[in-house]
Amino acid sequence: MTTQKKVIALGFFDGVHLGHGALLKRTAALAEELHAIPAAHTFAAHPSTLVTHQPTPLLSTPEDRAYLMKNLYGIQEVIVAPFDERMMTMPWETFVTDYLISGFHCVGVVVGHDYRFGYRGEGTPARLKELCAQAHVACEVVEKVTLDGRTVSSTYIRSLVEAGDMETAARYLAHPHLLRGSVRHGKGLGRKLGFPTVNIVPAEGILLPAYGVYATKVTLEDGKTYPAATNVGVRPTVEDEKQVTVEAFLLDFQGDVYGQTVSLEFYRRLRGERRFDSLEALRQEVMKNAQQTREYFAGEK
């Protein structure tokens with residue numbers, strides 16, 4: 001744990017969407033004013049897991065959140081805390097004075113208008129501002145962000161991803177929906193059919209887009225990015241096990257990426273998943289989807 005002064009954004013930040021972005025931008029600006037490190041505080045697991053015992057399928061892992069906050073908003077340090085019994089029952093005053101100020105050398109706090117914290121959610125933005133004033137700690141509350149008359153929220157974006165509407169999701173996220181995972185060996189069928197794929201293992205508890213084929217981009221560990229036609233689903237033409245897979249056919253790529261952690265960005269759903277009468281019919285459709293992906297990204301230029 002560093003002893004440098006920090007301005008800390010508080011939230012869960014699932015997906016790191018447009019509303020979170022407003023919070024993080026203000027955090028970076030305030031940190032510059034106070035000559036402190038811009039930081040963010042999130043939890044390893046969603047509070048609902050412990051409070052209601054009903055896990056919420058998430059848009060992003062803690063590592064993904066940190067990746068997005070650092071790369072998009074200049075946050076230098078991301079504190080990932082366990083949401084455990086101690087955290088759930090901690091009085092809100094203790095969370096501020098002992099945990100944030102004493103524990104992390106916090107000199108500034110930035111929260112959203114509806115942020116709740118501490119035991120039974122008794123900590124509110126108004127109470128936080130009052131206590132911070134007493135402790136001579138800067139505190140700012142960021143108002144809600146709306147788009148098309150709707151409040152930007154992780155809950156709404158989850159519904160868009162679940163429906164496969166990646167273009168609308170990207171507008172509310174302010175970036176393409178991101179899925180990161182390690183590459184494992186598949187059965188090699190794609191290579192035999194002329195379209196070698198990489199099989200990406202998403203983290204447990206992460207919400208996957210609706211089954212189907214998507215125009216995506218894959219970034220490898222060396223930083224190079226390739227367009228890819230990516231299938232999410234159970235591969236009904238070739239599988240009977242109903243195991244969900246994420247397979248990306250990288251265009252214009254030759255090489256071995258097994259074992260790498262890659263980043264997959266979703267741009268548009270090209271079609272739903274369906275069973276084909278033959279492997280040749282599947283091959284032709286995948287090649288068509290690959291061409292659609294090329295044309296989609298050619299339109300960016």
# chains A, B, ... in the order shown; residues from 1 in each chain; ligands from 1

$ residues_around --residues "Thr261 (chain A)" --least-positions-apart "6" --cutoff "8 Å" --atoms "only C-alpha atoms" --output "list in words"
Arg180, Gly181, Ser182, Val183, Leu220 and Glu221 of chain A

$ residues_around --residues "region 100-116 of chain A" --least-positions-apart "2" --cutoff "7 Å" --atoms "only C-alpha atoms" --output "ChimeraX atom specification"
/A:3-10,23,27,95-98,121-125,137-144

$ atom_distance --atom1 "CA of Lys288 (chain A)" --atom2 "CA of Glu247 (chain A)"
16.0 Å

$ select_by_dssp --residues "region 17-193 of chain A" --states "alpha helix (DSSP H)" --output "JSON, numbers by chain"
{"A": [18, 19, 20, 21, 22, 23, 24, 25, 26, 27, 28, 29, 30, 31, 32, 33, 48, 49, 50, 51, 62, 63, 64, 65, 66, 67, 68, 69, 70, 71, 72, 73, 85, 86, 87, 88, 89, 92, 93, 94, 103, 104, 125, 126, 127, 128, 129, 130, 131, 132, 133, 134, 154, 155, 156, 157, 158, 159, 160, 161, 162, 163, 166, 167, 168, 169, 170, 171, 172, 173, 189, 190, 191, 192, 193]}

$ residues_around --residues "region 223-227 of chain A" --least-positions-apart "5" --cutoff "9 Å" --atoms "only C-alpha atoms" --output "PDB file with C-alpha atoms, in the first residue's frame"
ATOM      1  CA  ALA A 215     -18.046  -8.254 -35.728  1.00  0.00           C
ATOM      2  CA  THR A 216     -15.294  -7.853 -33.139  1.00  0.00           C
ATOM      3  CA  LYS A 217     -11.696  -6.799 -32.638  1.00  0.00           C
ATOM      4  CA  VAL A 218      -9.140  -8.888 -30.766  1.00  0.00           C
ATOM      5  CA  PHE A 249     -11.798 -16.112 -36.269  1.00  0.00           C
ATOM      6  CA  LEU A 250      -8.991 -13.548 -36.532  1.00  0.00           C
ATOM      7  CA  LEU A 251      -8.730 -12.086 -40.023  1.00  0.00           C
ATOM      8  CA  ASP A 252      -5.296 -11.773 -41.637  1.00  0.00           C
ATOM      9  CA  PHE A 253      -3.534 -13.385 -38.690  1.00  0.00           C
ATOM     10  CA  ALA A 290     -15.808 -12.753 -42.103  1.00  0.00           C
ATOM     11  CA  THR A 293     -16.746  -8.050 -40.542  1.00  0.00           C
ATOM     12  CA  ARG A 294     -14.230  -6.695 -43.049  1.00  0.00           C
ATOM     13  CA  PHE A 297     -14.538  -2.084 -40.145  1.00  0.00           C
TER      14      PHE A 297
END

$ residues_around --residues "Val80 (chain A)" --least-positions-apart "6" --cutoff "8 Å" --atoms "only C-alpha atoms" --output "VMD selection string"
chain A and resid 41 to 44 62

$ select_by_dssp --residues "region 126-283 of chain A" --states "strand (DSSP E or B)" --output "PDB file with N, CA, C and O atoms, in the first residue's frame"
ATOM      1  N   ALA A 138     -11.497  16.871   0.654  1.00  0.00           N
ATOM      2  CA  ALA A 138     -12.359  17.329  -0.436  1.00  0.00           C
ATOM      3  C   ALA A 138     -13.388  16.251  -0.770  1.00  0.00           C
ATOM      4  O   ALA A 138     -13.083  15.057  -0.726  1.00  0.00           O
ATOM      5  N   CYS A 139     -14.589  16.673  -1.091  1.00  0.00           N
ATOM      6  CA  CYS A 139     -15.642  15.715  -1.456  1.00  0.00           C
ATOM      7  C   CYS A 139     -16.507  16.310  -2.545  1.00  0.00           C
ATOM      8  O   CYS A 139     -17.006  17.430  -2.416  1.00  0.00           O
ATOM      9  N   GLU A 140     -16.692  15.576  -3.612  1.00  0.00           N
ATOM     10  CA  GLU A 140     -17.536  16.043  -4.711  1.00  0.00           C
ATOM     11  C   GLU A 140     -18.542  14.962  -5.084  1.00  0.00           C
ATOM     12  O   GLU A 140     -18.211  13.765  -5.079  1.00  0.00           O
ATOM     13  N   VAL A 141     -19.749  15.400  -5.397  1.00  0.00           N
ATOM     14  CA  VAL A 141     -20.827  14.496  -5.792  1.00  0.00           C
ATOM     15  C   VAL A 141     -21.183  14.778  -7.245  1.00  0.00           C
ATOM     16  O   VAL A 141     -21.494  15.913  -7.609  1.00  0.00           O
ATOM     17  N   VAL A 142     -21.102  13.763  -8.070  1.00  0.00           N
ATOM     18  CA  VAL A 142     -21.368  13.903  -9.507  1.00  0.00           C
ATOM     19  C   VAL A 142     -22.813  13.506  -9.784  1.00  0.00           C
ATOM     20  O   VAL A 142     -23.271  12.444  -9.358  1.00  0.00           O
ATOM     21  N   THR A 146     -27.295  11.154 -18.277  1.00  0.00           N
ATOM     22  CA  THR A 146     -28.375  10.582 -19.083  1.00  0.00           C
ATOM     23  C   THR A 146     -27.986  10.576 -20.562  1.00  0.00           C
ATOM     24  O   THR A 146     -27.168  11.380 -21.013  1.00  0.00           O
ATOM     25  N   LEU A 147     -28.593   9.669 -21.287  1.00  0.00           N
ATOM     26  CA  LEU A 147     -28.411   9.563 -22.737  1.00  0.00           C
ATOM     27  C   LEU A 147     -29.761   9.170 -23.316  1.00  0.00           C
ATOM     28  O   LEU A 147     -30.382   8.212 -22.858  1.00  0.00           O
ATOM     29  N   ARG A 150     -32.503   8.643 -20.825  1.00  0.00           N
ATOM     30  CA  ARG A 150     -32.410   7.504 -19.901  1.00  0.00           C
ATOM     31  C   ARG A 150     -31.140   7.634 -19.055  1.00  0.00           C
ATOM     32  O   ARG A 150     -30.079   7.960 -19.575  1.00  0.00           O
ATOM     33  N   THR A 151     -31.266   7.347 -17.768  1.00  0.00           N
ATOM     34  CA  THR A 151     -30.090   7.353 -16.904  1.00  0.00           C
ATOM     35  C   THR A 151     -29.157   6.219 -17.308  1.00  0.00           C
ATOM     36  O   THR A 151     -29.582   5.081 -17.482  1.00  0.00           O
ATOM     37  N   HIS A 177     -18.137  -2.975 -25.810  1.00  0.00           N
ATOM     38  CA  HIS A 177     -18.173  -3.933 -24.701  1.00  0.00           C
ATOM     39  C   HIS A 177     -16.938  -4.814 -24.773  1.00  0.00           C
ATOM     40  O   HIS A 177     -16.585  -5.340 -25.828  1.00  0.00           O
ATOM     41  N   LEU A 178     -16.278  -4.975 -23.638  1.00  0.00           N
ATOM     42  CA  LEU A 178     -14.991  -5.659 -23.573  1.00  0.00           C
ATOM     43  C   LEU A 178     -15.117  -6.992 -22.848  1.00  0.00           C
ATOM     44  O   LEU A 178     -15.746  -7.077 -21.791  1.00  0.00           O
ATOM     45  N   LEU A 179     -14.518  -8.016 -23.433  1.00  0.00           N
ATOM     46  CA  LEU A 179     -14.405  -9.317 -22.785  1.00  0.00           C
ATOM     47  C   LEU A 179     -12.948  -9.734 -22.864  1.00  0.00           C
ATOM     48  O   LEU A 179     -12.360  -9.758 -23.942  1.00  0.00           O
ATOM     49  N   ARG A 180     -12.349 -10.025 -21.708  1.00  0.00           N
ATOM     50  CA  ARG A 180     -10.955 -10.459 -21.691  1.00  0.00           C
ATOM     51  C   ARG A 180     -10.883 -11.876 -21.142  1.00  0.00           C
ATOM     52  O   ARG A 180     -11.628 -12.250 -20.244  1.00  0.00           O
ATOM     53  N   GLY A 181      -9.986 -12.669 -21.692  1.00  0.00           N
ATOM     54  CA  GLY A 181      -9.861 -14.038 -21.230  1.00  0.00           C
ATOM     55  C   GLY A 181      -8.639 -14.703 -21.808  1.00  0.00           C
ATOM     56  O   GLY A 181      -7.977 -14.171 -22.709  1.00  0.00           O
ATOM     57  N   SER A 182      -8.345 -15.883 -21.295  1.00  0.00           N
ATOM     58  CA  SER A 182      -7.190 -16.634 -21.788  1.00  0.00           C
ATOM     59  C   SER A 182      -7.611 -17.510 -22.957  1.00  0.00           C
ATOM     60  O   SER A 182      -8.773 -17.920 -23.072  1.00  0.00           O
ATOM     61  N   VAL A 183      -6.660 -17.787 -23.836  1.00  0.00           N
ATOM     62  CA  VAL A 183      -6.915 -18.597 -25.025  1.00  0.00           C
ATOM     63  C   VAL A 183      -6.557 -20.053 -24.713  1.00  0.00           C
ATOM     64  O   VAL A 183      -5.472 -20.344 -24.224  1.00  0.00           O
ATOM     65  N   ARG A 184      -7.494 -20.940 -25.012  1.00  0.00           N
ATOM     66  CA  ARG A 184      -7.248 -22.363 -24.772  1.00  0.00           C
ATOM     67  C   ARG A 184      -7.317 -23.122 -26.101  1.00  0.00           C
ATOM     68  O   ARG A 184      -7.798 -22.601 -27.105  1.00  0.00           O
ATOM     69  N   VAL A 198      -9.570 -18.819 -32.352  1.00  0.00           N
ATOM     70  CA  VAL A 198      -9.015 -18.864 -31.003  1.00  0.00           C
ATOM     71  C   VAL A 198     -10.198 -18.993 -30.045  1.00  0.00           C
ATOM     72  O   VAL A 198     -11.218 -18.315 -30.189  1.00  0.00           O
ATOM     73  N   ASN A 199     -10.038 -19.898 -29.090  1.00  0.00           N
ATOM     74  CA  ASN A 199     -11.086 -20.161 -28.113  1.00  0.00           C
ATOM     75  C   ASN A 199     -10.780 -19.382 -26.840  1.00  0.00           C
ATOM     76  O   ASN A 199      -9.755 -19.636 -26.194  1.00  0.00           O
ATOM     77  N   ILE A 200     -11.650 -18.456 -26.497  1.00  0.00           N
ATOM     78  CA  ILE A 200     -11.404 -17.565 -25.363  1.00  0.00           C
ATOM     79  C   ILE A 200     -12.231 -18.029 -24.166  1.00  0.00           C
ATOM     80  O   ILE A 200     -13.444 -18.260 -24.287  1.00  0.00           O
ATOM     81  N   VAL A 201     -11.576 -18.156 -23.036  1.00  0.00           N
ATOM     82  CA  VAL A 201     -12.251 -18.599 -21.820  1.00  0.00           C
ATOM     83  C   VAL A 201     -12.618 -17.370 -20.995  1.00  0.00           C
ATOM     84  O   VAL A 201     -11.741 -16.739 -20.391  1.00  0.00           O
ATOM     85  N   PRO A 202     -13.896 -16.985 -20.950  1.00  0.00           N
ATOM     86  CA  PRO A 202     -14.274 -15.831 -20.128  1.00  0.00           C
ATOM     87  C   PRO A 202     -14.237 -16.186 -18.645  1.00  0.00           C
ATOM     88  O   PRO A 202     -14.350 -17.352 -18.266  1.00  0.00           O
ATOM     89  N   ILE A 206     -19.196 -13.790 -15.604  1.00  0.00           N
ATOM     90  CA  ILE A 206     -19.275 -12.682 -16.558  1.00  0.00           C
ATOM     91  C   ILE A 206     -20.421 -12.915 -17.533  1.00  0.00           C
ATOM     92  O   ILE A 206     -20.593 -14.012 -18.075  1.00  0.00           O
ATOM     93  N   GLY A 212     -24.683 -15.893 -30.902  1.00  0.00           N
ATOM     94  CA  GLY A 212     -24.648 -15.444 -32.283  1.00  0.00           C
ATOM     95  C   GLY A 212     -23.240 -15.111 -32.716  1.00  0.00           C
ATOM     96  O   GLY A 212     -22.266 -15.374 -32.009  1.00  0.00           O
ATOM     97  N   VAL A 213     -23.135 -14.509 -33.909  1.00  0.00           N
ATOM     98  CA  VAL A 213     -21.841 -14.131 -34.479  1.00  0.00           C
ATOM     99  C   VAL A 213     -21.742 -12.606 -34.506  1.00  0.00           C
ATOM    100  O   VAL A 213     -22.700 -11.916 -34.877  1.00  0.00           O
ATOM    101  N   TYR A 214     -20.575 -12.118 -34.126  1.00  0.00           N
ATOM    102  CA  TYR A 214     -20.363 -10.675 -33.958  1.00  0.00           C
ATOM    103  C   TYR A 214     -19.150 -10.192 -34.735  1.00  0.00           C
ATOM    104  O   TYR A 214     -18.153 -10.922 -34.882  1.00  0.00           O
ATOM    105  N   ALA A 215     -19.227  -8.950 -35.219  1.00  0.00           N
ATOM    106  CA  ALA A 215     -18.046  -8.254 -35.728  1.00  0.00           C
ATOM    107  C   ALA A 215     -17.305  -7.724 -34.507  1.00  0.00           C
ATOM    108  O   ALA A 215     -17.855  -6.951 -33.724  1.00  0.00           O
ATOM    109  N   THR A 216     -16.065  -8.179 -34.340  1.00  0.00           N
ATOM    110  CA  THR A 216     -15.294  -7.853 -33.139  1.00  0.00           C
ATOM    111  C   THR A 216     -13.875  -7.450 -33.514  1.00  0.00           C
ATOM    112  O   THR A 216     -13.451  -7.568 -34.662  1.00  0.00           O
ATOM    113  N   LYS A 217     -13.137  -7.001 -32.508  1.00  0.00           N
ATOM    114  CA  LYS A 217     -11.696  -6.799 -32.638  1.00  0.00           C
ATOM    115  C   LYS A 217     -11.019  -7.522 -31.481  1.00  0.00           C
ATOM    116  O   LYS A 217     -11.510  -7.481 -30.347  1.00  0.00           O
ATOM    117  N   VAL A 218      -9.904  -8.168 -31.779  1.00  0.00           N
ATOM    118  CA  VAL A 218      -9.140  -8.888 -30.766  1.00  0.00           C
ATOM    119  C   VAL A 218      -7.759  -8.256 -30.641  1.00  0.00           C
ATOM    120  O   VAL A 218      -7.064  -8.081 -31.645  1.00  0.00           O
ATOM    121  N   THR A 219      -7.394  -7.890 -29.425  1.00  0.00           N
ATOM    122  CA  THR A 219      -6.065  -7.340 -29.157  1.00  0.00           C
ATOM    123  C   THR A 219      -5.243  -8.383 -28.412  1.00  0.00           C
ATOM    124  O   THR A 219      -5.666  -8.890 -27.367  1.00  0.00           O
ATOM    125  N   THR A 225      -3.868  -5.463 -32.892  1.00  0.00           N
ATOM    126  CA  THR A 225      -5.310  -5.683 -32.926  1.00  0.00           C
ATOM    127  C   THR A 225      -5.731  -6.191 -34.299  1.00  0.00           C
ATOM    128  O   THR A 225      -5.258  -5.693 -35.329  1.00  0.00           O
ATOM    129  N   TYR A 226      -6.624  -7.174 -34.298  1.00  0.00           N
ATOM    130  CA  TYR A 226      -7.112  -7.780 -35.541  1.00  0.00           C
ATOM    131  C   TYR A 226      -8.636  -7.796 -35.548  1.00  0.00           C
ATOM    132  O   TYR A 226      -9.255  -8.096 -34.523  1.00  0.00           O
ATOM    133  N   PRO A 227      -9.260  -7.501 -36.708  1.00  0.00           N
ATOM    134  CA  PRO A 227     -10.702  -7.725 -36.805  1.00  0.00           C
ATOM    135  C   PRO A 227     -10.980  -9.216 -36.731  1.00  0.00           C
ATOM    136  O   PRO A 227     -10.152 -10.039 -37.138  1.00  0.00           O
ATOM    137  N   ALA A 228     -12.141  -9.576 -36.199  1.00  0.00           N
ATOM    138  CA  ALA A 228     -12.466 -10.995 -36.036  1.00  0.00           C
ATOM    139  C   ALA A 228     -13.968 -11.203 -36.105  1.00  0.00           C
ATOM    140  O   ALA A 228     -14.740 -10.383 -35.617  1.00  0.00           O
ATOM    141  N   ALA A 229     -14.373 -12.299 -36.724  1.00  0.00           N
ATOM    142  CA  ALA A 229     -15.762 -12.748 -36.662  1.00  0.00           C
ATOM    143  C   ALA A 229     -15.835 -13.725 -35.489  1.00  0.00           C
ATOM    144  O   ALA A 229     -15.154 -14.749 -35.487  1.00  0.00           O
ATOM    145  N   THR A 230     -16.632 -13.394 -34.485  1.00  0.00           N
ATOM    146  CA  THR A 230     -16.628 -14.154 -33.235  1.00  0.00           C
ATOM    147  C   THR A 230     -17.982 -14.783 -32.967  1.00  0.00           C
ATOM    148  O   THR A 230     -19.016 -14.100 -33.014  1.00  0.00           O
ATOM    149  N   ASN A 231     -17.961 -16.073 -32.674  1.00  0.00           N
ATOM    150  CA  ASN A 231     -19.183 -16.798 -32.324  1.00  0.00           C
ATOM    151  C   ASN A 231     -19.276 -16.975 -30.806  1.00  0.00           C
ATOM    152  O   ASN A 231     -18.324 -17.409 -30.156  1.00  0.00           O
ATOM    153  N   VAL A 232     -20.431 -16.629 -30.276  1.00  0.00           N
ATOM    154  CA  VAL A 232     -20.736 -16.877 -28.866  1.00  0.00           C
ATOM    155  C   VAL A 232     -21.896 -17.864 -28.827  1.00  0.00           C
ATOM    156  O   VAL A 232     -22.948 -17.607 -29.415  1.00  0.00           O
ATOM    157  N   GLY A 233     -21.706 -19.005 -28.179  1.00  0.00           N
ATOM    158  CA  GLY A 233     -22.819 -19.952 -28.105  1.00  0.00           C
ATOM    159  C   GLY A 233     -22.380 -21.378 -27.898  1.00  0.00           C
ATOM    160  O   GLY A 233     -21.281 -21.647 -27.401  1.00  0.00           O
ATOM    161  N   THR A 245     -19.191 -21.498 -25.652  1.00  0.00           N
ATOM    162  CA  THR A 245     -17.833 -21.143 -26.067  1.00  0.00           C
ATOM    163  C   THR A 245     -17.828 -19.749 -26.687  1.00  0.00           C
ATOM    164  O   THR A 245     -18.853 -19.244 -27.155  1.00  0.00           O
ATOM    165  N   VAL A 246     -16.647 -19.140 -26.682  1.00  0.00           N
ATOM    166  CA  VAL A 246     -16.419 -17.874 -27.372  1.00  0.00           C
ATOM    167  C   VAL A 246     -15.257 -18.123 -28.329  1.00  0.00           C
ATOM    168  O   VAL A 246     -14.120 -18.333 -27.914  1.00  0.00           O
ATOM    169  N   GLU A 247     -15.558 -18.140 -29.633  1.00  0.00           N
ATOM    170  CA  GLU A 247     -14.562 -18.470 -30.657  1.00  0.00           C
ATOM    171  C   GLU A 247     -14.406 -17.306 -31.617  1.00  0.00           C
ATOM    172  O   GLU A 247     -15.388 -16.860 -32.224  1.00  0.00           O
ATOM    173  N   ALA A 248     -13.176 -16.841 -31.756  1.00  0.00           N
ATOM    174  CA  ALA A 248     -12.901 -15.713 -32.645  1.00  0.00           C
ATOM    175  C   ALA A 248     -12.056 -16.161 -33.832  1.00  0.00           C
ATOM    176  O   ALA A 248     -10.994 -16.774 -33.659  1.00  0.00           O
ATOM    177  N   PHE A 249     -12.542 -15.858 -35.036  1.00  0.00           N
ATOM    178  CA  PHE A 249     -11.798 -16.112 -36.269  1.00  0.00           C
ATOM    179  C   PHE A 249     -11.086 -14.811 -36.624  1.00  0.00           C
ATOM    180  O   PHE A 249     -11.683 -13.872 -37.144  1.00  0.00           O
ATOM    181  N   LEU A 250      -9.776 -14.743 -36.285  1.00  0.00           N
ATOM    182  CA  LEU A 250      -8.991 -13.548 -36.532  1.00  0.00           C
ATOM    183  C   LEU A 250      -8.660 -13.444 -38.012  1.00  0.00           C
ATOM    184  O   LEU A 250      -8.131 -14.387 -38.610  1.00  0.00           O
ATOM    185  N   THR A 261      -3.544 -13.927 -22.716  1.00  0.00           N
ATOM    186  CA  THR A 261      -4.772 -13.236 -22.312  1.00  0.00           C
ATOM    187  C   THR A 261      -5.044 -12.174 -23.367  1.00  0.00           C
ATOM    188  O   THR A 261      -4.210 -11.294 -23.597  1.00  0.00           O
ATOM    189  N   VAL A 262      -6.188 -12.278 -24.020  1.00  0.00           N
ATOM    190  CA  VAL A 262      -6.520 -11.350 -25.106  1.00  0.00           C
ATOM    191  C   VAL A 262      -7.752 -10.532 -24.739  1.00  0.00           C
ATOM    192  O   VAL A 262      -8.539 -10.908 -23.867  1.00  0.00           O
ATOM    193  N   SER A 263      -7.876  -9.396 -25.406  1.00  0.00           N
ATOM    194  CA  SER A 263      -9.027  -8.513 -25.206  1.00  0.00           C
ATOM    195  C   SER A 263      -9.919  -8.570 -26.441  1.00  0.00           C
ATOM    196  O   SER A 263      -9.433  -8.419 -27.564  1.00  0.00           O
ATOM    197  N   LEU A 264     -11.204  -8.788 -26.221  1.00  0.00           N
ATOM    198  CA  LEU A 264     -12.168  -8.924 -27.306  1.00  0.00           C
ATOM    199  C   LEU A 264     -13.198  -7.811 -27.184  1.00  0.00           C
ATOM    200  O   LEU A 264     -13.858  -7.672 -26.150  1.00  0.00           O
ATOM    201  N   GLU A 265     -13.325  -6.983 -28.233  1.00  0.00           N
ATOM    202  CA  GLU A 265     -14.289  -5.882 -28.246  1.00  0.00           C
ATOM    203  C   GLU A 265     -15.421  -6.207 -29.219  1.00  0.00           C
ATOM    204  O   GLU A 265     -15.168  -6.550 -30.375  1.00  0.00           O
ATOM    205  N   PHE A 266     -16.657  -6.063 -28.749  1.00  0.00           N
ATOM    206  CA  PHE A 266     -17.826  -6.383 -29.558  1.00  0.00           C
ATOM    207  C   PHE A 266     -18.389  -5.108 -30.203  1.00  0.00           C
ATOM    208  O   PHE A 266     -18.634  -4.113 -29.520  1.00  0.00           O
ATOM    209  N   TYR A 267     -18.638  -5.177 -31.513  1.00  0.00           N
ATOM    210  CA  TYR A 267     -19.135  -4.004 -32.246  1.00  0.00           C
ATOM    211  C   TYR A 267     -20.553  -4.190 -32.778  1.00  0.00           C
ATOM    212  O   TYR A 267     -21.388  -3.311 -32.642  1.00  0.00           O
ATOM    213  N   ARG A 268     -20.821  -5.332 -33.436  1.00  0.00           N
ATOM    214  CA  ARG A 268     -22.164  -5.528 -34.010  1.00  0.00           C
ATOM    215  C   ARG A 268     -22.489  -7.016 -34.091  1.00  0.00           C
ATOM    216  O   ARG A 268     -21.632  -7.832 -34.413  1.00  0.00           O
ATOM    217  N   ARG A 269     -23.736  -7.337 -33.797  1.00  0.00           N
ATOM    218  CA  ARG A 269     -24.206  -8.708 -33.973  1.00  0.00           C
ATOM    219  C   ARG A 269     -24.561  -8.915 -35.443  1.00  0.00           C
ATOM    220  O   ARG A 269     -25.369  -8.157 -36.007  1.00  0.00           O
ATOM    221  N   LEU A 270     -23.954  -9.907 -36.069  1.00  0.00           N
ATOM    222  CA  LEU A 270     -24.185 -10.169 -37.488  1.00  0.00           C
ATOM    223  C   LEU A 270     -25.355 -11.121 -37.706  1.00  0.00           C
ATOM    224  O   LEU A 270     -26.075 -11.010 -38.697  1.00  0.00           O
ATOM    225  N   ARG A 271     -25.526 -12.077 -36.802  1.00  0.00           N
ATOM    226  CA  ARG A 271     -26.636 -13.018 -36.911  1.00  0.00           C
ATOM    227  C   ARG A 271     -26.760 -13.797 -35.607  1.00  0.00           C
ATOM    228  O   ARG A 271     -25.843 -13.820 -34.777  1.00  0.00           O
ATOM    229  N   GLY A 272     -27.890 -14.428 -35.422  1.00  0.00           N
ATOM    230  CA  GLY A 272     -28.071 -15.312 -34.288  1.00  0.00           C
ATOM    231  C   GLY A 272     -27.402 -16.650 -34.552  1.00  0.00           C
ATOM    232  O   GLY A 272     -27.045 -16.972 -35.694  1.00  0.00           O
TER     233      GLY A 272
END

$ residues_around --residues "Glu162 (chain A)" --least-positions-apart "3" --cutoff "7 Å" --atoms "only C-alpha atoms" --output "PyMOL selection string"
chain A and resi 158-159+208-210

$ closest_residue --among "A:Gln243, A:Thr61, A:Gln284, A:Gln76" --to "Pro38 (chain A)" --atoms "only C-alpha atoms"
A:Gln76

$ atom_distance --atom1 "CA of Asp222 (chain A)" --atom2 "CA of Gly21 (chain A)"
26.7 Å

$ closest_residue --among "A:Thr89, A:Pro47, A:Glu273, A:His17" --to "Val145 (chain A)" --atoms "only C-alpha atoms"
A:His17

$ atom_distance --atom1 "CA of Ala39 (chain A)" --atom2 "CA of Ile79 (chain A)"
7.4 Å

$ closest_residue --among "A:Asp256, A:Ala298, A:Leu282, A:Arg171" --to "Leu18 (chain A)" --atoms "only C-alpha atoms"
A:Arg171

$ closest_residue --among "A:Pro57, A:Leu24, A:Phe12, A:Thr155" --to "Ala81 (chain A)" --atoms "only C-alpha atoms"
A:Phe12

$ residues_around --residues "Met87 (chain A)" --least-positions-apart "4" --cutoff "8 Å" --atoms "only C-alpha atoms" --output "CSV table (one decimal) with C-alpha atoms, in the first residue's frame"
chain,number,residue,atom,x,y,z
A,82,PRO,CA,-13.3,-7.9,-0.8
A,83,PHE,CA,-16.9,-7.4,-0.1
A,118,GLY,CA,-21.5,1.4,5.1

$ decode --residues "region 206-218 of chain A" --atoms "N, CA and C atoms" --output "PDB file, in the first residue's frame"
ATOM      1  N   ILE A 206     -19.196 -13.790 -15.604  1.00  0.00           N
ATOM      2  CA  ILE A 206     -19.275 -12.682 -16.558  1.00  0.00           C
ATOM      3  C   ILE A 206     -20.421 -12.915 -17.533  1.00  0.00           C
ATOM      4  N   LEU A 207     -21.208 -11.880 -17.758  1.00  0.00           N
ATOM      5  CA  LEU A 207     -22.340 -11.940 -18.674  1.00  0.00           C
ATOM      6  C   LEU A 207     -21.850 -11.987 -20.116  1.00  0.00           C
ATOM      7  N   LEU A 208     -22.289 -12.991 -20.866  1.00  0.00           N
ATOM      8  CA  LEU A 208     -21.929 -13.091 -22.276  1.00  0.00           C
ATOM      9  C   LEU A 208     -23.034 -12.501 -23.146  1.00  0.00           C
ATOM     10  N   PRO A 209     -22.678 -11.946 -24.296  1.00  0.00           N
ATOM     11  CA  PRO A 209     -23.701 -11.449 -25.212  1.00  0.00           C
ATOM     12  C   PRO A 209     -24.609 -12.582 -25.693  1.00  0.00           C
ATOM     13  N   ALA A 210     -25.760 -12.205 -26.237  1.00  0.00           N
ATOM     14  CA  ALA A 210     -26.689 -13.187 -26.805  1.00  0.00           C
ATOM     15  C   ALA A 210     -25.954 -14.069 -27.802  1.00  0.00           C
ATOM     16  N   TYR A 211     -26.346 -15.342 -27.848  1.00  0.00           N
ATOM     17  CA  TYR A 211     -25.695 -16.278 -28.766  1.00  0.00           C
ATOM     18  C   TYR A 211     -25.776 -15.746 -30.198  1.00  0.00           C
ATOM     19  N   GLY A 212     -24.683 -15.893 -30.902  1.00  0.00           N
ATOM     20  CA  GLY A 212     -24.648 -15.444 -32.283  1.00  0.00           C
ATOM     21  C   GLY A 212     -23.240 -15.111 -32.716  1.00  0.00           C
ATOM     22  N   VAL A 213     -23.135 -14.509 -33.909  1.00  0.00           N
ATOM     23  CA  VAL A 213     -21.841 -14.131 -34.479  1.00  0.00           C
ATOM     24  C   VAL A 213     -21.742 -12.606 -34.506  1.00  0.00           C
ATOM     25  N   TYR A 214     -20.575 -12.118 -34.126  1.00  0.00           N
ATOM     26  CA  TYR A 214     -20.363 -10.675 -33.958  1.00  0.00           C
ATOM     27  C   TYR A 214     -19.150 -10.192 -34.735  1.00  0.00           C
ATOM     28  N   ALA A 215     -19.227  -8.950 -35.219  1.00  0.00           N
ATOM     29  CA  ALA A 215     -18.046  -8.254 -35.728  1.00  0.00           C
ATOM     30  C   ALA A 215     -17.305  -7.724 -34.507  1.00  0.00           C
ATOM     31  N   THR A 216     -16.065  -8.179 -34.340  1.00  0.00           N
ATOM     32  CA  THR A 216     -15.294  -7.853 -33.139  1.00  0.00           C
ATOM     33  C   THR A 216     -13.875  -7.450 -33.514  1.00  0.00           C
ATOM     34  N   LYS A 217     -13.137  -7.001 -32.508  1.00  0.00           N
ATOM     35  CA  LYS A 217     -11.696  -6.799 -32.638  1.00  0.00           C
ATOM     36  C   LYS A 217     -11.019  -7.522 -31.481  1.00  0.00           C
ATOM     37  N   VAL A 218      -9.904  -8.168 -31.779  1.00  0.00           N
ATOM     38  CA  VAL A 218      -9.140  -8.888 -30.766  1.00  0.00           C
ATOM     39  C   VAL A 218      -7.759  -8.256 -30.641  1.00  0.00           C
TER      40      VAL A 218
END
